[in-house]
Amino acid sequence: MRSQREAILLSALVYPGLGQLAQKRWAMGIGYLASFTAALIWLVSIAGPIIKIYYNLALNFDSEIQETPPDWHRMLWPLGISLAIHVI
């Protein structure tokens with residue numbers, strides 16, 4: 001009972017797929033790990049430049065605005081996929 005509870009906590013709170021690996025469900029664990037990692041990398045690759053531009057705008061008072069931030073709506077797909085994998 002205790003190991004099942006730990007597996008649920010690992011999977012829900014730490015990183016999706018770790019709970020499945022703790023239960024020795026290798027295929028599901030690797031599938032969740034790979035899909036969540038891919039969705040997370042996709043999200044960071046879109047959100048990173050947006051966050052960088054906004055911080056540059058906020059911290060550089062003297063400079064003119066040279067870059068326009070990309071559309072933040074592009075982040076919704078990878079965010080939704082990441083959340084769906086996490087909930088499943």
# chains A, B, ... in the order shown; residues from 1 in each chain; ligands from 1
$ select_by_dssp --residues "chain A" --states "helix (DSSP H, G or I)" --output "NGL selection string"
:A and (2-14 or 18-22 or 26-59 or 72-87)
$ residues_around --residues "Ile46 of chain A" --least-positions-apart "3" --cutoff "10 Å" --atoms "only C-alpha atoms" --output "VMD selection string"
chain A and resid 40 to 43 49 to 51 70 to 76 78
$ residues_around --residues "Val87 of chain A" --least-positions-apart "2" --cutoff "12 Å" --atoms "only C-alpha atoms" --output "ChimeraX atom specification"
/A:8,11-13,15-17,32,36,80-85
$ closest_residue --among "A:Leu57, A:Ala22, A:Arg5, A:Leu79" --to "Ser45 of chain A" --atoms "only C-alpha atoms"
A:Leu79
$ atom_distance --atom1 "atom CA of Ala27 of chain A" --atom2 "atom CA of Val44 of chain A"
25.6 Å
